[in-house]
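**Q** Below is target.cif; it holds mmCIF, C-alpha atoms.
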data_model
loop_
_atom_site.group_PDB
_atom_site.id
_atom_site.type_symbol
_atom_site.label_atom_id
_atom_site.label_comp_id
_atom_site.auth_asym_id
_atom_site.auth_seq_id
_atom_site.Cartn_x
_atom_site.Cartn_y
_atom_site.Cartn_z
ATOM 1 C CA MET A 27 -9.254 -11.874 32.542
ATOM 2 C CA TYR A 28 -10.572 -15.221 31.360
ATOM 3 C CA THR A 29 -9.395 -16.753 28.106
ATOM 4 C CA LEU A 30 -11.220 -17.862 24.976
ATOM 5 C CA LYS A 31 -10.251 -21.475 25.762
ATOM 6 C CA GLN A 32 -11.887 -21.246 29.199
ATOM 7 C CA LEU A 33 -15.087 -19.936 27.616
ATOM 8 C CA GLU A 34 -15.009 -22.699 24.989
ATOM 9 C CA LEU A 35 -14.687 -25.368 27.705
ATOM 10 C CA PHE A 36 -17.410 -23.724 29.780
ATOM 11 C CA LEU A 37 -19.861 -23.574 26.859
ATOM 12 C CA ASP A 38 -19.234 -27.172 25.840
ATOM 13 C CA LEU A 39 -19.555 -28.411 29.408
ATOM 14 C CA GLY A 40 -22.751 -26.421 29.795
ATOM 15 C CA ARG A 41 -24.191 -28.375 26.870
ATOM 16 C CA SER A 42 -22.719 -31.816 27.570
ATOM 17 C CA GLU A 43 -23.021 -31.642 31.387
ATOM 18 C CA LYS A 44 -20.214 -34.241 31.607
ATOM 19 C CA ILE A 45 -16.566 -33.407 32.116
ATOM 20 C CA ILE A 46 -15.470 -36.638 30.431
ATOM 21 C CA ASP A 47 -17.269 -35.693 27.192
ATOM 22 C CA THR A 48 -15.789 -32.204 27.108
ATOM 23 C CA ALA A 49 -12.321 -33.563 27.880
ATOM 24 C CA LYS A 50 -12.526 -36.014 24.966
ATOM 25 C CA LYS A 51 -13.734 -33.340 22.539
ATOM 26 C CA PHE A 52 -10.832 -30.984 23.340
ATOM 27 C CA GLY A 53 -8.184 -33.686 23.785
ATOM 28 C CA LEU A 54 -7.618 -32.801 27.445
ATOM 29 C CA SER A 55 -7.589 -34.683 30.695
ATOM 30 C CA GLN A 56 -10.628 -34.448 32.959
ATOM 31 C CA SER A 57 -8.506 -32.758 35.611
ATOM 32 C CA ALA A 58 -7.390 -30.093 33.102
ATOM 33 C CA VAL A 59 -11.019 -29.318 32.255
ATOM 34 C CA SER A 60 -11.957 -29.182 35.943
ATOM 35 C CA MET A 61 -9.061 -26.810 36.699
ATOM 36 C CA ALA A 62 -10.018 -24.513 33.805
ATOM 37 C CA ILE A 63 -13.639 -24.316 35.011
ATOM 38 C CA LYS A 64 -12.596 -23.693 38.620
ATOM 39 C CA GLU A 65 -10.264 -20.873 37.467
ATOM 40 C CA LEU A 66 -13.092 -19.350 35.430
ATOM 41 C CA GLU A 67 -15.391 -19.489 38.455
ATOM 42 C CA ARG A 68 -12.680 -17.860 40.585
ATOM 43 C CA LEU A 69 -12.257 -15.046 38.079
ATOM 44 C CA LEU A 70 -16.030 -14.487 37.984
ATOM 45 C CA ASP A 71 -16.376 -14.604 41.781
ATOM 46 C CA GLY A 72 -18.692 -17.572 42.122
ATOM 47 C CA PRO A 73 -19.804 -21.023 40.944
ATOM 48 C CA LEU A 74 -21.369 -21.541 37.518
ATOM 49 C CA PHE A 75 -22.488 -25.179 37.890
ATOM 50 C CA GLU A 76 -24.379 -27.380 40.317
ATOM 51 C CA ARG A 77 -23.520 -31.079 40.621
ATOM 52 C CA ILE A 78 -26.606 -33.252 40.211
ATOM 53 C CA GLY A 79 -25.635 -36.924 40.333
ATOM 54 C CA LYS A 80 -22.918 -37.410 37.699
ATOM 55 C CA ARG A 81 -23.905 -34.283 35.801
ATOM 56 C CA LEU A 82 -22.756 -30.696 36.096
ATOM 57 C CA VAL A 83 -25.783 -28.469 35.486
ATOM 58 C CA LEU A 84 -25.622 -24.706 34.917
ATOM 59 C CA ASN A 85 -26.886 -22.590 37.776
ATOM 60 C CA GLY A 86 -28.523 -19.202 37.235
ATOM 61 C CA ARG A 87 -25.217 -17.340 36.835
ATOM 62 C CA GLY A 88 -23.904 -20.020 34.506
ATOM 63 C CA ALA A 89 -27.013 -19.880 32.328
ATOM 64 C CA MET A 90 -26.684 -16.088 32.054
ATOM 65 C CA LEU A 91 -23.017 -16.379 31.063
ATOM 66 C CA MET A 92 -23.852 -19.018 28.466
ATOM 67 C CA ARG A 93 -26.523 -16.830 26.846
ATOM 68 C CA SER A 94 -24.157 -13.838 26.747
ATOM 69 C CA ALA A 95 -20.924 -15.578 25.753
ATOM 70 C CA SER A 96 -22.213 -18.077 23.208
ATOM 71 C CA PRO A 97 -22.840 -15.656 20.292
ATOM 72 C CA HIS A 98 -19.481 -13.919 20.815
ATOM 73 C CA VAL A 99 -17.515 -17.169 20.863
ATOM 74 C CA ASP A 100 -19.418 -18.375 17.781
ATOM 75 C CA ALA A 101 -18.559 -15.107 16.012
ATOM 76 C CA LEU A 102 -14.871 -15.513 16.833
ATOM 77 C CA HIS A 103 -14.939 -19.068 15.475
ATOM 78 C CA ALA A 104 -16.625 -17.849 12.294
ATOM 79 C CA LEU A 105 -14.003 -15.099 11.877
ATOM 80 C CA TYR A 106 -11.211 -17.623 12.381
ATOM 81 C CA ASP A 107 -12.684 -19.982 9.773
ATOM 82 C CA GLN A 108 -13.208 -17.103 7.361
ATOM 83 C CA MET A 109 -9.644 -15.867 7.656
ATOM 84 C CA ARG A 110 -8.260 -19.378 7.122
ATOM 85 C CA SER A 111 -10.527 -20.254 4.211
ATOM 86 C CA ASP A 112 -10.272 -16.986 2.316
ATOM 87 C CA SER A 113 -6.720 -15.667 2.192
ATOM 88 C CA LEU A 114 -7.625 -13.169 -0.567
ATOM 89 C CA ARG A 115 -9.513 -10.972 1.828
ATOM 90 C CA GLY A 116 -8.340 -7.897 3.693
ATOM 91 C CA GLU A 117 -6.536 -4.616 3.098
ATOM 92 C CA LEU A 118 -3.572 -3.883 0.853
ATOM 93 C CA ARG A 119 -1.503 -0.912 1.967
ATOM 94 C CA LEU A 120 0.261 0.715 -0.978
ATOM 95 C CA ALA A 121 2.322 3.861 -1.451
ATOM 96 C CA ALA A 122 3.368 5.306 -4.785
ATOM 97 C CA SER A 123 5.372 8.270 -5.984
ATOM 98 C CA VAL A 124 3.276 11.054 -7.450
ATOM 99 C CA THR A 125 3.626 10.174 -11.134
ATOM 100 C CA ILE A 126 2.795 6.523 -10.575
ATOM 101 C CA ALA A 127 -0.065 7.277 -8.197
ATOM 102 C CA GLU A 128 -1.696 9.703 -10.606
ATOM 103 C CA TYR A 129 -0.953 8.301 -14.073
ATOM 104 C CA PHE A 130 0.066 4.641 -13.906
ATOM 105 C CA ILE A 131 -1.486 2.609 -11.123
ATOM 106 C CA PRO A 132 -5.105 3.861 -10.630
ATOM 107 C CA THR A 133 -6.646 1.764 -13.414
ATOM 108 C CA LEU A 134 -4.765 -1.339 -12.279
ATOM 109 C CA VAL A 135 -5.917 -0.883 -8.680
ATOM 110 C CA CYS A 136 -9.550 -0.318 -9.676
ATOM 111 C CA ASN A 137 -9.579 -3.393 -11.928
ATOM 112 C CA TYR A 138 -8.089 -5.536 -9.164
ATOM 113 C CA MET A 139 -10.692 -4.412 -6.638
ATOM 114 C CA GLU A 140 -13.499 -5.138 -9.120
ATOM 115 C CA GLN A 141 -12.201 -8.686 -9.527
ATOM 116 C CA ASN A 142 -11.637 -9.191 -5.777
ATOM 117 C CA GLU A 143 -14.632 -7.745 -3.956
ATOM 118 C CA HIS A 144 -13.374 -8.644 -0.461
ATOM 119 C CA VAL A 145 -10.206 -6.568 -0.869
ATOM 120 C CA THR A 146 -9.790 -2.929 0.073
ATOM 121 C CA ILE A 147 -6.770 -0.916 -1.006
ATOM 122 C CA SER A 148 -5.208 2.061 0.728
ATOM 123 C CA LEU A 149 -3.031 4.033 -1.691
ATOM 124 C CA LYS A 150 -0.854 6.848 -0.373
ATOM 125 C CA SER A 151 0.838 9.311 -2.703
ATOM 126 C CA ALA A 152 4.266 10.657 -1.717
ATOM 127 C CA ASN A 153 7.601 11.484 -3.276
ATOM 128 C CA THR A 154 10.090 8.697 -3.907
ATOM 129 C CA ALA A 155 12.064 9.245 -0.710
ATOM 130 C CA ASP A 156 8.923 9.106 1.431
ATOM 131 C CA VAL A 157 7.645 5.965 -0.312
ATOM 132 C CA ILE A 158 10.919 4.182 0.467
ATOM 133 C CA ARG A 159 10.642 5.308 4.089
ATOM 134 C CA LYS A 160 7.051 4.055 4.360
ATOM 135 C CA VAL A 161 8.058 0.660 2.981
ATOM 136 C CA THR A 162 11.132 0.196 5.167
ATOM 137 C CA SER A 163 9.234 1.269 8.298
ATOM 138 C CA GLY A 164 6.408 -1.199 7.633
ATOM 139 C CA GLU A 165 3.808 1.539 7.242
ATOM 140 C CA VAL A 166 2.850 0.079 3.849
ATOM 141 C CA ASP A 167 3.182 -3.381 2.304
ATOM 142 C CA ILE A 168 4.258 -2.502 -1.247
ATOM 143 C CA GLY A 169 5.685 0.679 -2.748
ATOM 144 C CA PHE A 170 6.085 2.066 -6.251
ATOM 145 C CA ILE A 171 8.852 4.537 -6.986
ATOM 146 C CA GLU A 172 10.547 6.331 -9.857
ATOM 147 C CA GLY A 173 13.998 4.811 -9.952
ATOM 148 C CA GLU A 174 15.575 1.900 -8.118
ATOM 149 C CA GLY A 175 15.349 1.002 -4.459
ATOM 150 C CA ILE A 176 19.043 1.024 -3.618
ATOM 151 C CA LEU A 177 18.774 0.445 0.140
ATOM 152 C CA GLU A 178 19.668 -2.930 1.605
ATOM 153 C CA GLU A 179 16.256 -3.010 3.329
ATOM 154 C CA VAL A 180 14.471 -2.878 -0.039
ATOM 155 C CA GLU A 181 13.906 -5.473 -2.760
ATOM 156 C CA SER A 182 12.926 -4.047 -6.138
ATOM 157 C CA ARG A 183 11.361 -5.129 -9.420
ATOM 158 C CA VAL A 184 11.431 -2.861 -12.472
ATOM 159 C CA LEU A 185 7.965 -2.563 -14.034
ATOM 160 C CA MET A 186 8.553 -0.282 -17.024
ATOM 161 C CA ARG A 187 10.728 2.505 -18.437
ATOM 162 C CA ASP A 188 9.562 6.094 -18.206
ATOM 163 C CA GLU A 189 10.810 9.105 -20.180
ATOM 164 C CA LEU A 190 11.145 12.656 -18.905
ATOM 165 C CA VAL A 191 10.681 15.612 -21.245
ATOM 166 C CA VAL A 192 11.608 19.278 -20.978
ATOM 167 C CA LEU A 193 8.463 21.363 -21.507
ATOM 168 C CA SER A 194 7.254 24.854 -22.279
ATOM 169 C CA SER A 195 4.059 26.442 -23.549
ATOM 170 C CA ASP A 196 6.234 28.516 -25.932
ATOM 171 C CA LYS A 197 5.858 26.807 -29.310
ATOM 172 C CA LYS A 198 8.541 29.000 -30.858
ATOM 173 C CA LEU A 199 11.113 27.956 -28.274
ATOM 174 C CA ALA A 200 10.362 24.294 -28.928
ATOM 175 C CA LYS A 201 10.692 24.688 -32.696
ATOM 176 C CA GLN A 202 14.016 26.508 -32.405
ATOM 177 C CA GLY A 203 15.630 23.502 -30.730
ATOM 178 C CA PRO A 204 17.342 21.264 -30.143
ATOM 179 C CA TRP A 205 19.203 23.142 -27.426
ATOM 180 C CA PHE A 206 22.198 22.397 -25.277
ATOM 181 C CA ILE A 207 21.085 22.256 -21.659
ATOM 182 C CA ASP A 208 23.411 25.112 -20.656
ATOM 183 C CA GLN A 209 21.604 27.333 -23.185
ATOM 184 C CA LEU A 210 18.387 26.794 -21.219
ATOM 185 C CA ALA A 211 19.816 26.949 -17.707
ATOM 186 C CA SER A 212 19.316 30.698 -17.210
ATOM 187 C CA ARG A 213 15.608 30.574 -18.092
ATOM 188 C CA PRO A 214 13.151 30.304 -15.167
ATOM 189 C CA TRP A 215 12.564 26.670 -14.198
ATOM 190 C CA ILE A 216 9.805 25.076 -12.106
ATOM 191 C CA MET A 217 10.909 21.837 -10.499
ATOM 192 C CA ARG A 218 9.387 19.139 -8.322
ATOM 193 C CA GLU A 219 10.304 19.253 -4.646
ATOM 194 C CA LYS A 220 13.422 17.671 -3.134
ATOM 195 C CA GLY A 221 12.957 13.923 -2.767
ATOM 196 C CA SER A 222 11.120 13.668 -6.083
ATOM 197 C CA GLY A 223 12.385 10.965 -8.437
ATOM 198 C CA THR A 224 11.689 13.184 -11.454
ATOM 199 C CA ARG A 225 13.841 15.951 -10.044
ATOM 200 C CA ALA A 226 16.685 13.651 -8.985
ATOM 201 C CA VAL A 227 16.933 11.877 -12.351
ATOM 202 C CA PHE A 228 16.953 15.133 -14.318
ATOM 203 C CA LEU A 229 19.450 17.000 -12.138
ATOM 204 C CA ASN A 230 21.817 14.027 -12.043
ATOM 205 C CA ALA A 231 21.639 13.724 -15.829
ATOM 206 C CA ILE A 232 22.531 17.353 -16.513
ATOM 207 C CA SER A 233 25.265 17.624 -13.854
ATOM 208 C CA PRO A 234 27.287 19.851 -13.467
ATOM 209 C CA VAL A 235 24.921 22.267 -15.252
ATOM 210 C CA ASP A 236 22.374 21.585 -12.480
ATOM 211 C CA GLN A 237 24.344 24.033 -10.320
ATOM 212 C CA GLU A 238 23.571 26.808 -12.814
ATOM 213 C CA LEU A 239 19.875 26.027 -13.244
ATOM 214 C CA ASN A 240 17.680 29.060 -12.524
ATOM 215 C CA MET A 241 15.192 27.265 -10.283
ATOM 216 C CA VAL A 242 12.538 29.847 -9.384
ATOM 217 C CA MET A 243 9.858 27.577 -7.965
ATOM 218 C CA GLU A 244 9.389 24.118 -6.416
ATOM 219 C CA LEU A 245 5.977 22.402 -6.470
ATOM 220 C CA GLU A 246 4.781 19.024 -5.223
ATOM 221 C CA HIS A 247 2.033 18.411 -7.774
ATOM 222 C CA ILE A 248 2.409 17.805 -11.493
ATOM 223 C CA GLU A 249 -0.898 19.448 -12.339
ATOM 224 C CA SER A 250 0.238 22.640 -10.590
ATOM 225 C CA ILE A 251 3.430 22.693 -12.641
ATOM 226 C CA LYS A 252 1.465 22.244 -15.872
ATOM 227 C CA ASN A 253 -0.843 25.122 -14.944
ATOM 228 C CA PHE A 254 2.132 27.420 -14.324
ATOM 229 C CA LEU A 255 3.697 26.463 -17.640
ATOM 230 C CA LEU A 256 0.454 27.274 -19.442
ATOM 231 C CA ALA A 257 0.294 30.661 -17.723
ATOM 232 C CA LYS A 258 3.991 31.511 -18.132
ATOM 233 C CA PRO A 259 5.361 30.733 -21.646
ATOM 234 C CA ASP A 260 8.892 31.734 -20.630
ATOM 235 C CA TYR A 261 8.997 29.066 -17.884
ATOM 236 C CA LEU A 262 10.467 25.589 -18.344
ATOM 237 C CA SER A 263 10.037 22.361 -16.459
ATOM 238 C CA VAL A 264 10.743 18.655 -16.790
ATOM 239 C CA LEU A 265 7.932 16.140 -16.332
ATOM 240 C CA PRO A 266 7.206 12.502 -17.159
ATOM 241 C CA ARG A 267 5.912 12.060 -20.696
ATOM 242 C CA ILE A 268 3.098 9.893 -19.328
ATOM 243 C CA SER A 269 1.802 12.877 -17.350
ATOM 244 C CA VAL A 270 1.666 15.331 -20.277
ATOM 245 C CA LYS A 271 0.522 13.057 -23.087
ATOM 246 C CA ARG A 272 -2.801 14.880 -23.538
ATOM 247 C CA GLU A 273 -1.297 18.383 -23.381
ATOM 248 C CA LEU A 274 1.320 17.472 -26.001
ATOM 249 C CA GLU A 275 -1.277 15.926 -28.303
ATOM 250 C CA GLU A 276 -3.596 18.927 -27.991
ATOM 251 C CA GLY A 277 -0.813 21.474 -28.526
ATOM 252 C CA HIS A 278 -1.073 23.187 -25.163
ATOM 253 C CA LEU A 279 2.461 22.241 -24.119
ATOM 254 C CA PHE A 280 5.493 21.561 -26.291
ATOM 255 C CA GLU A 281 8.531 19.376 -25.863
ATOM 256 C CA VAL A 282 11.759 21.376 -25.892
ATOM 257 C CA PRO A 283 14.398 19.074 -27.430
ATOM 258 C CA VAL A 284 17.722 18.910 -25.581
ATOM 259 C CA LYS A 285 20.952 17.882 -27.310
ATOM 260 C CA ALA A 286 23.071 15.009 -25.999
ATOM 261 C CA HIS A 287 20.571 14.042 -23.304
ATOM 262 C CA HIS A 288 17.835 11.445 -23.069
ATOM 263 C CA PHE A 289 16.135 11.463 -19.698
ATOM 264 C CA GLU A 290 14.826 8.056 -18.597
ATOM 265 C CA ARG A 291 14.128 6.261 -15.361
ATOM 266 C CA ASP A 292 12.352 3.121 -14.184
ATOM 267 C CA PHE A 293 9.001 2.634 -12.537
ATOM 268 C CA THR A 294 9.934 0.183 -9.790
ATOM 269 C CA MET A 295 7.951 -1.918 -7.322
ATOM 270 C CA ILE A 296 9.600 -2.268 -3.909
ATOM 271 C CA ALA A 297 9.040 -4.256 -0.736
ATOM 272 C CA ARG A 298 11.014 -4.812 2.455
ATOM 273 C CA SER A 299 13.875 -7.255 2.133
ATOM 274 C CA GLN A 300 13.170 -10.629 3.744
ATOM 275 C CA GLN A 301 9.486 -9.710 3.976
ATOM 276 C CA THR A 302 7.180 -12.735 4.074
ATOM 277 C CA LEU A 303 4.391 -11.839 1.683
ATOM 278 C CA LEU A 304 0.860 -12.670 2.734
ATOM 279 C CA PRO A 305 -1.183 -14.544 0.084
ATOM 280 C CA LEU A 306 -3.106 -11.361 -0.722
ATOM 281 C CA GLN A 307 0.080 -9.349 -1.241
ATOM 282 C CA ALA A 308 1.595 -12.053 -3.453
ATOM 283 C CA HIS A 309 -1.636 -12.340 -5.465
ATOM 284 C CA PHE A 310 -1.709 -8.581 -6.098
ATOM 285 C CA GLN A 311 1.918 -8.567 -7.237
ATOM 286 C CA GLU A 312 1.241 -11.460 -9.634
ATOM 287 C CA TYR A 313 -1.824 -9.657 -10.999
ATOM 288 C CA LEU A 314 0.136 -6.449 -11.503
ATOM 289 C CA LEU A 315 3.040 -8.137 -13.301
ATOM 290 C CA SER A 316 0.628 -10.106 -15.498
ATOM 291 C CA SER A 317 -1.372 -6.968 -16.375
ATOM 292 C CA ILE A 318 1.698 -5.141 -17.692
ATOM 293 C CA GLY A 319 3.060 -8.192 -19.498
ATOM 294 C CA LEU A 320 5.894 -9.197 -17.167
ATOM 295 C CA GLN A 321 4.503 -12.680 -16.442
#
Would you mind writing the file out in structure tokens?
**A**
Amino acid sequence: MYTLKQLELFLDLGRSEKIIDTAKKFGLSQSAVSMAIKELERLLDGPLFERIGKRLVLNGRGAMLMRSASPHVDALHALYDQMRSDSLRGELRLAASVTIAEYFIPTLVCNYMEQNEHVTISLKSANTADVIRKVTSGEVDIGFIEGEGILEEVESRVLMRDELVVLSSDKKLAKQGPWFIDQLASRPWIMREKGSGTRAVFLNAISPVDQELNMVMELEHIESIKNFLLAKPDYLSVLPRISVKRELEEGHLFEVPVKAHHFERDFTMIARSQQTLLPLQAHFQEYLLSSIGLQ
């Protein structure tokens, strides 16, 4: 297969008709240009020029190749110039744990895209363990998790603190508190799935009572858990306060106070260690940190 450089030399020679002019333009020797053209002709099974005096003039096959190749080579040059001149153009690949993807980052992402019209953003929602895996494997550029990235392959930056609250739709139960966690352990609990940052932080905090927790259901989605709590007043769950702000304000769900425990974790931005950030990735990180007051 011929190369882009061979086509560039061919097109210029087709216009200049003099090897010496093409050689000067590309900073090559005349013999190097001649060899490149001869190799192109070999690959295309026939001559492309006729020698008329000191000029090389396109023959019929050469003229056809010039008409066909010229717009494609021009388009590649334009793409090259565009990519070099506008580094804030392209796709950002993000992954975020469920809470962050649903309640924290959407407005920030939308505002960034409105301010940078040549940027597209792919945002994948997954639990914390899967987000870390996507980042370390290179599937995404930047990740957002609940907790800290503790792997050597991950660099992390804490964005904000997040509080978890124990919840029920039973107002009476909430008012009777505060409760010791072991007093609530035998009640039916709905928890996020394994790998969830919310689940891990809560279970670690209440250990060793976590072994006694009557976990009757595991669900991946926060909205599903809220719907079950509304339908089953005797059920309990633990969710990020940011995700139930409206339900608490409207009196549909109630915080069940727990003695001797305060459940908190970090919202953390992660990237691969030693990763060389592209200008677009660095610009997005700076925008994000500035938007939440960390710069």
**Q** List as JSON lines every residue of segment 100-167 of chain A that is in contact with segment 235-258 of chain A, defined as an atom at most 9 Å from one of its atoms (using all atoms listed in the file), together with the nearest atom pair and the distance in Å rounded to one decimal, sorted by chain and then rising number.
**A**
{"residue": "A:Val124", "atom": "CA", "partner": "A:His247", "partner_atom": "CA", "distance": 7.5}
{"residue": "A:Thr125", "atom": "CA", "partner": "A:Ile248", "partner_atom": "CA", "distance": 7.7}
{"residue": "A:Asn153", "atom": "CA", "partner": "A:Glu246", "partner_atom": "CA", "distance": 8.3}
**Q** Hey, what comes out of the PyMOL selection byres ((chain A and resi 75) around 7) on this file? Could you write it as a list in words?
**A** Pro73, Leu74, Glu76, Arg77, Leu82, Val83, Leu84, Asn85 and Gly88 of chain A
**Q** If the PyMOL selection byres ((chain A and resi 208) around 12) is run on the structure shown, which residues does it catch, given as a list in words?
**A**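 That selection, the PyMOL selection byres ((chain A and resi 208) around 12), comes back as Pro204, Trp205, Phe206, Ile207, Gln209, Leu210, Ala211, Ser212, Arg213, Ile232, Ser233, Pro234, Val235, Asp236, Gln237, Glu238, Leu239, Asn240, Val284, Lys285, Ala286 and His287 of chain A.
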**Q** Would you translate the PyMOL selection byres ((chain A and resi 168) around 6) into the concrete set of residues it matches in this file, as number ranges by chain?
**A** A: 120, 166-167, 169, 296-297
**Q** For Leu37 of chain A, which residue out of A:Leu69, A:Ala89, A:Ile216, A:Ile78 is the nearest one, using all atoms listed in the file?
**A**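 Ranking A:Leu69, A:Ala89, A:Ile216, A:Ile78 by distance to Leu37 of chain A, first place goes to A:Ala89.
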**Q** Enter the distance from atom CA of Pro266 of chain A to atom CA of Ser194 of chain A, in Å, rounded to one decimal.
**A** 13.4 Å
**Q** Would you list the contacts of Met295 of chain A as JSON, numbers by chain, taking every protein, DNA or RNA residue within 10 Å and counting all atoms listed in the file, but skipping same-chain residues closer than 4 positions in sequence?
**A** {"A": [121, 122, 168, 169, 170, 171, 172, 173, 174, 175, 180, 181, 182, 183, 184, 185, 186, 311, 314, 315]}
**Q** For the atom pair atom CA of Phe228 of chain A and atom CA of Ser263 of chain A, what is the interatomic distance in Å to one decimal place?
**A**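 Separation of atom CA of Phe228 of chain A and atom CA of Ser263 of chain A: 10.2 Å.
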**Q** Which residue is closest to Lys160 of chain A? Choose from A:Ser123, A:Thr146, A:Thr294, A:Thr224 and count all atoms listed in the file.
**A**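 Selected residue with least distance to Lys160 of chain A: A:Ser123.
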**Q** Rounded to one decimal, what separation in Å do you get between atom CA of Tyr129 of chain A and atom CA of Leu265 of chain A?
**A** 12.1 Å
**Q** Generate the missing atoms of segment 241-248 of chain A up to all heavy atoms and report them as a compact mmCIF listing (two decimals), in the frame of the given file.
**A**
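See rebuild_24.txt below for the written result:
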# COMPACT_ATOMS: atom_id res chain seq x y z
N MET A 241 16.37 27.89 -10.86
CA MET A 241 15.19 27.26 -10.28
C MET A 241 14.41 28.31 -9.48
O MET A 241 14.83 28.71 -8.39
CB MET A 241 15.60 26.09 -9.39
CG MET A 241 14.52 25.06 -9.15
SD MET A 241 15.12 23.72 -8.10
CE MET A 241 16.58 23.18 -9.01
N VAL A 242 13.29 28.76 -10.02
CA VAL A 242 12.54 29.85 -9.38
C VAL A 242 11.38 29.34 -8.54
O VAL A 242 10.81 30.09 -7.74
CB VAL A 242 12.01 30.83 -10.45
CG1 VAL A 242 13.14 31.47 -11.21
CG2 VAL A 242 11.03 30.14 -11.40
N MET A 243 11.03 28.07 -8.69
CA MET A 243 9.86 27.58 -7.96
C MET A 243 9.95 26.06 -7.81
O MET A 243 10.45 25.36 -8.69
CB MET A 243 8.57 27.95 -8.72
CG MET A 243 7.29 27.69 -7.96
SD MET A 243 5.85 28.21 -8.92
CE MET A 243 6.21 29.96 -9.15
N GLU A 244 9.49 25.55 -6.65
CA GLU A 244 9.39 24.12 -6.42
C GLU A 244 7.94 23.79 -6.06
O GLU A 244 7.35 24.44 -5.19
CB GLU A 244 10.30 23.68 -5.27
CG GLU A 244 11.78 23.89 -5.53
CD GLU A 244 12.63 23.44 -4.35
OE1 GLU A 244 12.04 22.99 -3.33
OE2 GLU A 244 13.86 23.53 -4.43
N LEU A 245 7.37 22.78 -6.71
CA LEU A 245 5.98 22.40 -6.47
C LEU A 245 5.88 20.89 -6.30
O LEU A 245 6.63 20.13 -6.92
CB LEU A 245 5.08 22.85 -7.63
CG LEU A 245 4.94 24.36 -7.83
CD1 LEU A 245 4.17 24.65 -9.11
CD2 LEU A 245 4.24 25.01 -6.64
N GLU A 246 4.94 20.45 -5.49
CA GLU A 246 4.78 19.02 -5.22
C GLU A 246 3.92 18.32 -6.27
O GLU A 246 4.06 17.12 -6.46
CB GLU A 246 4.15 18.80 -3.84
CG GLU A 246 5.02 19.23 -2.68
CD GLU A 246 4.39 18.89 -1.34
OE1 GLU A 246 3.30 18.27 -1.35
OE2 GLU A 246 4.97 19.25 -0.31
N HIS A 247 3.03 19.05 -6.93
CA HIS A 247 2.03 18.41 -7.77
C HIS A 247 2.27 18.71 -9.26
O HIS A 247 2.50 19.87 -9.65
CB HIS A 247 0.63 18.84 -7.37
CG HIS A 247 0.30 18.50 -5.95
ND1 HIS A 247 0.14 17.20 -5.52
CD2 HIS A 247 0.14 19.28 -4.85
CE1 HIS A 247 -0.13 17.20 -4.23
NE2 HIS A 247 -0.13 18.45 -3.81
N ILE A 248 2.18 17.67 -10.06
CA ILE A 248 2.41 17.80 -11.49
C ILE A 248 1.40 18.73 -12.13
O ILE A 248 1.74 19.56 -13.00
CB ILE A 248 2.38 16.41 -12.15
CG1 ILE A 248 3.60 15.61 -11.71
CG2 ILE A 248 2.32 16.51 -13.67
CD1 ILE A 248 3.61 14.16 -12.18
